[in-house]
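What follows is coords-v5.cif (mmCIF, C-alpha atoms).
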data_query
loop_
_atom_site.group_PDB
_atom_site.id
_atom_site.type_symbol
_atom_site.label_atom_id
_atom_site.label_comp_id
_atom_site.auth_asym_id
_atom_site.auth_seq_id
_atom_site.Cartn_x
_atom_site.Cartn_y
_atom_site.Cartn_z
ATOM 1 C CA MET Q 184 -71.434 22.692 179.085
ATOM 2 C CA ALA Q 185 -68.888 20.215 178.133
ATOM 3 C CA GLY Q 186 -71.638 17.800 177.318
ATOM 4 C CA ARG Q 187 -73.172 20.113 174.830
ATOM 5 C CA GLU Q 188 -71.110 20.686 171.784
ATOM 6 C CA SER Q 189 -71.838 23.741 169.786
ATOM 7 C CA LYS Q 190 -71.908 23.494 166.005
ATOM 8 C CA ASN Q 191 -71.417 27.222 165.663
ATOM 9 C CA THR Q 192 -68.069 28.384 166.923
ATOM 10 C CA TYR Q 193 -68.710 32.010 166.043
ATOM 11 C CA SER Q 194 -70.225 34.544 168.409
ATOM 12 C CA PRO Q 195 -73.612 35.984 167.529
ATOM 13 C CA ASN Q 196 -72.042 39.397 166.735
ATOM 14 C CA THR Q 197 -69.685 38.120 164.080
ATOM 15 C CA ARG Q 198 -70.691 37.187 160.584
ATOM 16 C CA ARG Q 199 -69.788 33.883 159.232
ATOM 17 C CA PRO Q 200 -67.667 34.086 156.052
ATOM 18 C CA GLU Q 201 -69.741 33.351 153.026
ATOM 19 C CA THR Q 202 -68.891 30.470 150.925
ATOM 20 C CA LYS Q 203 -68.387 31.099 147.241
ATOM 21 C CA ARG Q 204 -71.734 30.879 145.573
ATOM 22 C CA ALA Q 205 -72.265 29.678 142.074
ATOM 23 C CA MET Q 206 -73.680 32.162 139.640
ATOM 24 C CA SER Q 207 -77.406 32.125 139.554
ATOM 25 C CA GLY Q 208 -79.409 31.691 136.378
ATOM 26 C CA ARG Q 209 -80.372 35.387 136.451
ATOM 27 C CA ALA Q 210 -76.724 36.448 136.544
ATOM 28 C CA VAL Q 211 -75.810 34.223 133.600
ATOM 29 C CA GLY Q 212 -78.859 35.381 131.658
ATOM 30 C CA GLY Q 213 -78.012 39.040 132.407
ATOM 31 C CA LEU Q 214 -74.417 38.592 131.191
ATOM 32 C CA ILE Q 215 -75.518 36.875 127.987
ATOM 33 C CA MET Q 216 -78.122 39.570 127.386
ATOM 34 C CA THR Q 217 -75.451 42.265 128.013
ATOM 35 C CA LEU Q 218 -73.138 40.633 125.468
ATOM 36 C CA LEU Q 219 -75.812 40.305 122.793
ATOM 37 C CA PHE Q 220 -77.885 43.434 123.450
ATOM 38 C CA PRO Q 221 -75.817 45.724 125.699
ATOM 39 C CA PRO Q 222 -78.489 48.350 126.521
ATOM 40 C CA LEU Q 223 -81.135 45.718 127.438
ATOM 41 C CA GLY Q 224 -78.696 43.590 129.422
ATOM 42 C CA LEU Q 225 -77.444 46.608 131.388
ATOM 43 C CA ALA Q 226 -80.997 47.670 132.175
ATOM 44 C CA PHE Q 227 -81.745 44.131 133.413
ATOM 45 C CA LEU Q 228 -78.610 43.961 135.580
ATOM 46 C CA TRP Q 229 -79.116 47.381 137.189
ATOM 47 C CA ARG Q 230 -82.867 47.004 137.733
ATOM 48 C CA ASN Q 231 -82.660 43.559 139.349
ATOM 49 C CA GLY Q 232 -79.394 44.197 141.241
ATOM 50 C CA VAL Q 233 -77.935 40.921 140.068
ATOM 51 C CA PHE Q 234 -74.314 41.766 140.968
ATOM 52 C CA ARG Q 235 -72.849 44.114 143.548
ATOM 53 C CA THR Q 236 -72.442 47.762 142.508
ATOM 54 C CA ARG Q 237 -68.742 47.392 141.694
ATOM 55 C CA GLY Q 238 -69.437 44.414 139.442
ATOM 56 C CA ARG Q 239 -72.299 46.193 137.652
ATOM 57 C CA MET Q 240 -70.048 49.212 137.051
ATOM 58 C CA MET Q 241 -67.332 47.014 135.530
ATOM 59 C CA ILE Q 242 -69.895 45.240 133.335
ATOM 60 C CA THR Q 243 -71.292 48.663 132.266
ATOM 61 C CA ALA Q 244 -67.781 49.864 131.258
ATOM 62 C CA LEU Q 245 -67.174 46.692 129.256
ATOM 63 C CA ALA Q 246 -70.591 47.009 127.583
ATOM 64 C CA ALA Q 247 -69.823 50.635 126.632
ATOM 65 C CA LEU Q 248 -66.560 49.494 125.048
ATOM 66 C CA GLU Q 249 -68.417 46.736 123.201
ATOM 67 C CA MET Q 250 -71.039 49.194 121.877
ATOM 68 C CA THR Q 251 -68.287 51.551 120.698
ATOM 69 C CA LEU Q 252 -66.612 48.726 118.776
ATOM 70 C CA ILE Q 253 -69.919 47.587 117.239
ATOM 71 C CA VAL Q 254 -70.807 51.130 116.121
ATOM 72 C CA SER Q 255 -67.334 51.716 114.663
ATOM 73 C CA MET Q 256 -67.580 48.474 112.693
ATOM 74 C CA LEU Q 257 -71.066 49.250 111.392
ATOM 75 C CA LEU Q 258 -70.338 52.790 110.238
ATOM 76 C CA PRO Q 259 -69.014 53.030 106.693
ATOM 77 C CA GLU Q 260 -65.463 54.190 106.364
ATOM 78 C CA GLN Q 261 -65.323 57.664 104.910
ATOM 79 C CA LYS Q 262 -62.605 58.156 102.373
ATOM 80 C CA MET Q 263 -61.486 61.618 101.439
ATOM 81 C CA THR Q 264 -60.761 61.772 97.754
ATOM 82 C CA THR Q 265 -58.542 64.497 96.485
ATOM 83 C CA VAL Q 266 -59.591 66.190 93.303
ATOM 84 C CA LEU Q 267 -56.943 68.032 91.366
ATOM 85 C CA PRO Q 268 -58.083 71.169 89.571
ATOM 86 C CA VAL Q 269 -58.277 70.860 85.815
ATOM 87 C CA ALA Q 270 -57.854 73.864 83.586
ATOM 88 C CA SER Q 271 -60.816 74.440 81.337
ATOM 89 C CA ILE Q 272 -61.660 76.971 78.669
ATOM 90 C CA PRO Q 273 -65.050 78.667 78.816
ATOM 91 C CA SER Q 274 -67.137 78.051 75.729
ATOM 92 C CA SER Q 275 -67.648 81.759 75.003
ATOM 93 C CA VAL Q 276 -63.929 82.555 74.672
ATOM 94 C CA THR Q 277 -62.197 82.365 71.327
ATOM 95 C CA LYS Q 278 -59.357 79.870 71.440
ATOM 96 C CA ALA Q 279 -55.921 81.259 70.739
ATOM 97 C CA PRO Q 280 -53.893 79.580 68.015
ATOM 98 C CA GLN Q 281 -51.581 77.024 69.583
ATOM 99 C CA GLU Q 282 -48.669 77.614 67.233
ATOM 100 C CA ASP Q 283 -48.107 81.288 68.017
ATOM 101 C CA VAL Q 284 -49.382 82.674 71.309
ATOM 102 C CA ALA Q 285 -47.638 86.035 70.795
ATOM 103 C CA ASP Q 286 -49.677 86.689 67.648
ATOM 104 C CA ALA Q 287 -52.872 85.851 69.504
ATOM 105 C CA LEU Q 288 -52.016 88.333 72.246
ATOM 106 C CA SER Q 289 -51.185 91.057 69.742
ATOM 107 C CA ASN Q 290 -54.457 90.292 67.944
ATOM 108 C CA LEU Q 291 -56.279 90.678 71.253
ATOM 109 C CA GLN Q 292 -54.567 94.026 71.814
ATOM 110 C CA GLU Q 293 -55.684 95.191 68.369
ATOM 111 C CA LEU Q 294 -59.279 94.143 69.032
ATOM 112 C CA LEU Q 295 -59.315 95.991 72.331
ATOM 113 C CA SER Q 296 -57.831 99.122 70.808
ATOM 114 C CA GLU Q 297 -60.481 99.038 68.053
ATOM 115 C CA ASN Q 298 -63.309 98.746 70.586
ATOM 116 C CA TYR Q 299 -62.134 101.493 72.898
ATOM 117 C CA ALA Q 300 -60.472 103.850 70.445
ATOM 118 C CA THR Q 301 -61.999 107.278 69.958
ATOM 119 C CA PRO Q 302 -63.031 107.905 66.407
ATOM 120 C CA GLU Q 303 -60.658 110.010 64.404
ATOM 121 C CA PRO Q 304 -62.092 113.439 63.715
ATOM 122 C CA GLU Q 305 -62.852 114.019 60.095
ATOM 123 C CA GLU Q 306 -60.896 116.649 58.253
ATOM 124 C CA LEU Q 307 -62.177 120.085 59.267
ATOM 125 C CA THR Q 308 -62.878 122.825 56.791
ATOM 126 C CA GLU Q 309 -61.126 126.171 57.060
ATOM 127 C CA GLU Q 310 -64.248 127.784 58.538
ATOM 128 C CA GLU Q 311 -64.547 125.111 61.232
ATOM 129 C CA LYS Q 312 -60.862 125.468 62.094
ATOM 130 C CA ALA Q 313 -61.240 129.231 62.384
ATOM 131 C CA ALA Q 314 -64.339 128.834 64.589
ATOM 132 C CA LEU Q 315 -62.485 126.414 66.874
ATOM 133 C CA GLU Q 316 -59.515 128.768 67.161
ATOM 134 C CA ALA Q 317 -61.814 131.710 67.901
ATOM 135 C CA GLN Q 318 -63.609 129.687 70.602
ATOM 136 C CA LYS Q 319 -60.282 128.677 72.120
ATOM 137 C CA ALA Q 320 -59.054 132.278 72.087
ATOM 138 C CA GLN Q 321 -62.291 133.420 73.760
ATOM 139 C CA GLU Q 322 -61.962 130.777 76.497
ATOM 140 C CA GLU Q 323 -58.362 131.850 77.127
ATOM 141 C CA ALA Q 324 -59.403 135.519 77.325
ATOM 142 C CA GLU Q 325 -62.199 134.685 79.800
ATOM 143 C CA PHE Q 326 -59.751 132.689 81.891
ATOM 144 C CA GLU Q 327 -57.235 135.553 81.952
ATOM 145 C CA GLU Q 328 -60.006 138.014 82.876
ATOM 146 C CA MET Q 329 -61.098 135.756 85.745
ATOM 147 C CA MET Q 330 -57.501 135.348 86.963
ATOM 148 C CA ASN Q 331 -57.051 139.174 86.945
ATOM 149 C CA THR Q 332 -60.284 139.848 88.894
ATOM 150 C CA ILE Q 333 -59.747 141.750 92.149
ATOM 151 C CA VAL Q 334 -60.576 139.781 95.320
ATOM 152 C CA TYR Q 335 -60.178 140.614 99.013
ATOM 153 C CA SER Q 336 -58.644 139.015 102.074
ATOM 154 C CA VAL Q 337 -57.343 139.936 105.517
ATOM 155 C CA TYR Q 338 -53.709 141.003 105.824
ATOM 156 C CA ASP Q 339 -52.462 138.432 108.364
ATOM 157 C CA GLY Q 340 -53.316 134.730 108.593
ATOM 158 C CA ALA Q 341 -55.683 134.685 105.634
ATOM 159 C CA VAL Q 342 -57.083 131.314 104.616
ATOM 160 C CA TYR Q 343 -59.788 132.392 102.135
ATOM 161 C CA TYR Q 344 -60.162 135.136 99.555
ATOM 162 C CA HIS Q 345 -63.532 136.871 99.122
ATOM 163 C CA ALA Q 346 -65.530 138.565 96.381
ATOM 164 C CA VAL Q 347 -66.480 141.529 98.652
ATOM 165 C CA LYS Q 348 -64.704 143.489 101.389
ATOM 166 C CA ASP Q 349 -67.299 142.624 104.047
ATOM 167 C CA CYS Q 350 -68.067 138.893 104.058
ATOM 168 C CA ASP Q 351 -69.997 137.377 106.961
ATOM 169 C CA GLY Q 352 -68.995 140.187 109.336
ATOM 170 C CA GLN Q 353 -65.283 139.999 108.467
ATOM 171 C CA ILE Q 354 -63.597 143.090 107.026
ATOM 172 C CA ASN Q 355 -61.206 142.202 104.193
ATOM 173 C CA ASN Q 356 -59.085 145.215 103.194
ATOM 174 C CA LYS Q 357 -56.253 143.526 101.297
ATOM 175 C CA GLU Q 358 -56.839 143.710 97.522
ATOM 176 C CA GLN Q 359 -55.219 141.216 95.164
ATOM 177 C CA THR Q 360 -55.967 139.342 91.966
ATOM 178 C CA VAL Q 361 -57.211 135.777 91.883
ATOM 179 C CA ARG Q 362 -53.821 134.752 90.491
ATOM 180 C CA GLU Q 363 -52.050 136.352 93.473
ATOM 181 C CA ALA Q 364 -54.506 134.810 95.944
ATOM 182 C CA LEU Q 365 -53.914 131.363 94.480
ATOM 183 C CA ALA Q 366 -50.135 131.962 94.564
ATOM 184 C CA ASN Q 367 -50.522 132.808 98.292
ATOM 185 C CA ARG Q 368 -52.345 129.470 98.718
ATOM 186 C CA LEU Q 369 -55.686 131.011 99.583
ATOM 187 C CA ALA Q 370 -58.912 129.123 98.905
ATOM 188 C CA ALA Q 371 -62.130 130.619 97.553
ATOM 189 C CA CYS Q 372 -64.742 131.488 100.196
ATOM 190 C CA SER Q 373 -67.771 129.227 99.985
ATOM 191 C CA LYS Q 374 -70.172 131.943 101.272
ATOM 192 C CA CYS Q 375 -69.537 134.854 98.904
ATOM 193 C CA ASN Q 376 -68.368 132.594 96.029
ATOM 194 C CA PRO Q 377 -65.519 134.603 94.445
ATOM 195 C CA PRO Q 378 -64.264 133.601 90.973
ATOM 196 C CA HIS Q 379 -61.990 130.584 90.985
ATOM 197 C CA PRO Q 380 -60.624 128.252 88.304
#

Write the structure described by the file as structure tokens, please.
Amino acid sequence: MAGRESKNTYSPNTRRPETKRAMSGRAVGGLIMTLLFPPLGLAFLWRNGVFRTRGRMMITALAALEMTLIVSMLLPEQKMTTVLPVASIPSSVTKAPQEDVADALSNLQELLSENYATPEPEELTEEEKAALEAQKAQEEAEFEEMMNTIVYSVYDGAVYYHAVKDCDGQINNKEQTVREALANRLAACSKCNPPHP
């Protein structure tokens, strides 16, 4: 045994440490392709397994950062311009005189009052005045007659007054005028429809 010298001092179960290898042409080409065209270079590196997984992941992260910078440089910068509102006068509006705004406003008030004012009644003749007074007197008499009409309600807890004593099966024996019923805060019955103002 002593005569035979062994070149390998390691046992067959142990791996010999690898010496540092120079980068192959594929690795250099993949890196250059990743720098110039990141998606193509990354596809080349991952498909061919040029570097170990950790190295490919680091190169992928750097390529993503590079693509982000390239896209941000290529996109146009958007500038927000502020636009201040400018007062404008519609073309259909009459301009007010600049020297006296108060007169313009009073003029506007006069124009509005002319447009919406009710026409003044013309002078009535004596016959027309008498006819109007007679019509007014007749309306007042009809109103008084309606207010003095006898209506009926129950004695206790009444809510409605009725035109007849027997309304919808309810016997109403308390007699009173419409004026009294309204003073007692009674409402007109909607079924028998007694007189009401």

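Non-sequential neighbours of segment 361-363 of chain Q (distance at most 7 Å, separation of 6 or more positions within a chain, all atoms listed in the file) are Q:Met330, Q:Asn331, Q:Thr332, Q:Ile333, Q:Val334.
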
Next item on the list: Could you please determine the separation between atom CA of Leu369 of chain Q and atom CA of Glu322 of chain Q in Å, to one decimal place?
Entry: 23.9 Å

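Between Met329 of chain Q and the candidates Q:Ser296, Q:Lys348, Q:Pro378, Q:Val342, the tightest atom-to-atom separation, counting only C-alpha atoms, involves Q:Pro378.
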
Next item on the list: Evaluate the PyMOL selection byres ((chain Q and resi 210-214) around 6) here and jot the selected residues down as a PyMOL selection string.
Entry: chain Q and resi 207-209+215-217+224+228+233

Next item on the list: Using all atoms listed in the file, pick whichever of Q:Leu218, Q:Ala366, Q:Ala270, Q:Ala346 has the shortest atom-to-atom distance to Ile253 of chain Q.
Entry: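 Result for the nearest residue to Ile253 of chain Q: Q:Leu218.
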
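Distance-wise, atom CA of Glu358 of chain Q and atom CA of Tyr335 of chain Q end up 4.8 Å apart.
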
Notebook entry, point to check: Mind pulling up the distance from atom CA of Leu258 of chain Q to atom CA of Met241 of chain Q?
Noted result: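 Distance reported for this atom pair: 26.1 Å.
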
The centre and edge lengths of an axis-aligned box containing all atoms of segment 233-243 of chain Q present in the file, extended by 5 Å on each side, are to be given in Å to one decimal, as JSON.
{"center_x": -72.6, "center_y": 45.1, "center_z": 137.9, "size_x": 20.6, "size_y": 18.3, "size_z": 21.3}

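Around the coordinate (-56.1, 142.9, 104.3), residues that reach within 10 Å when counting only C-alpha atoms are Tyr335, Ser336, Val337, Tyr338, Asp339, Gly340, Ala341, Tyr344, Lys348, Ile354, Asn355, Asn356, Lys357, Glu358 and Gln359 of chain Q.
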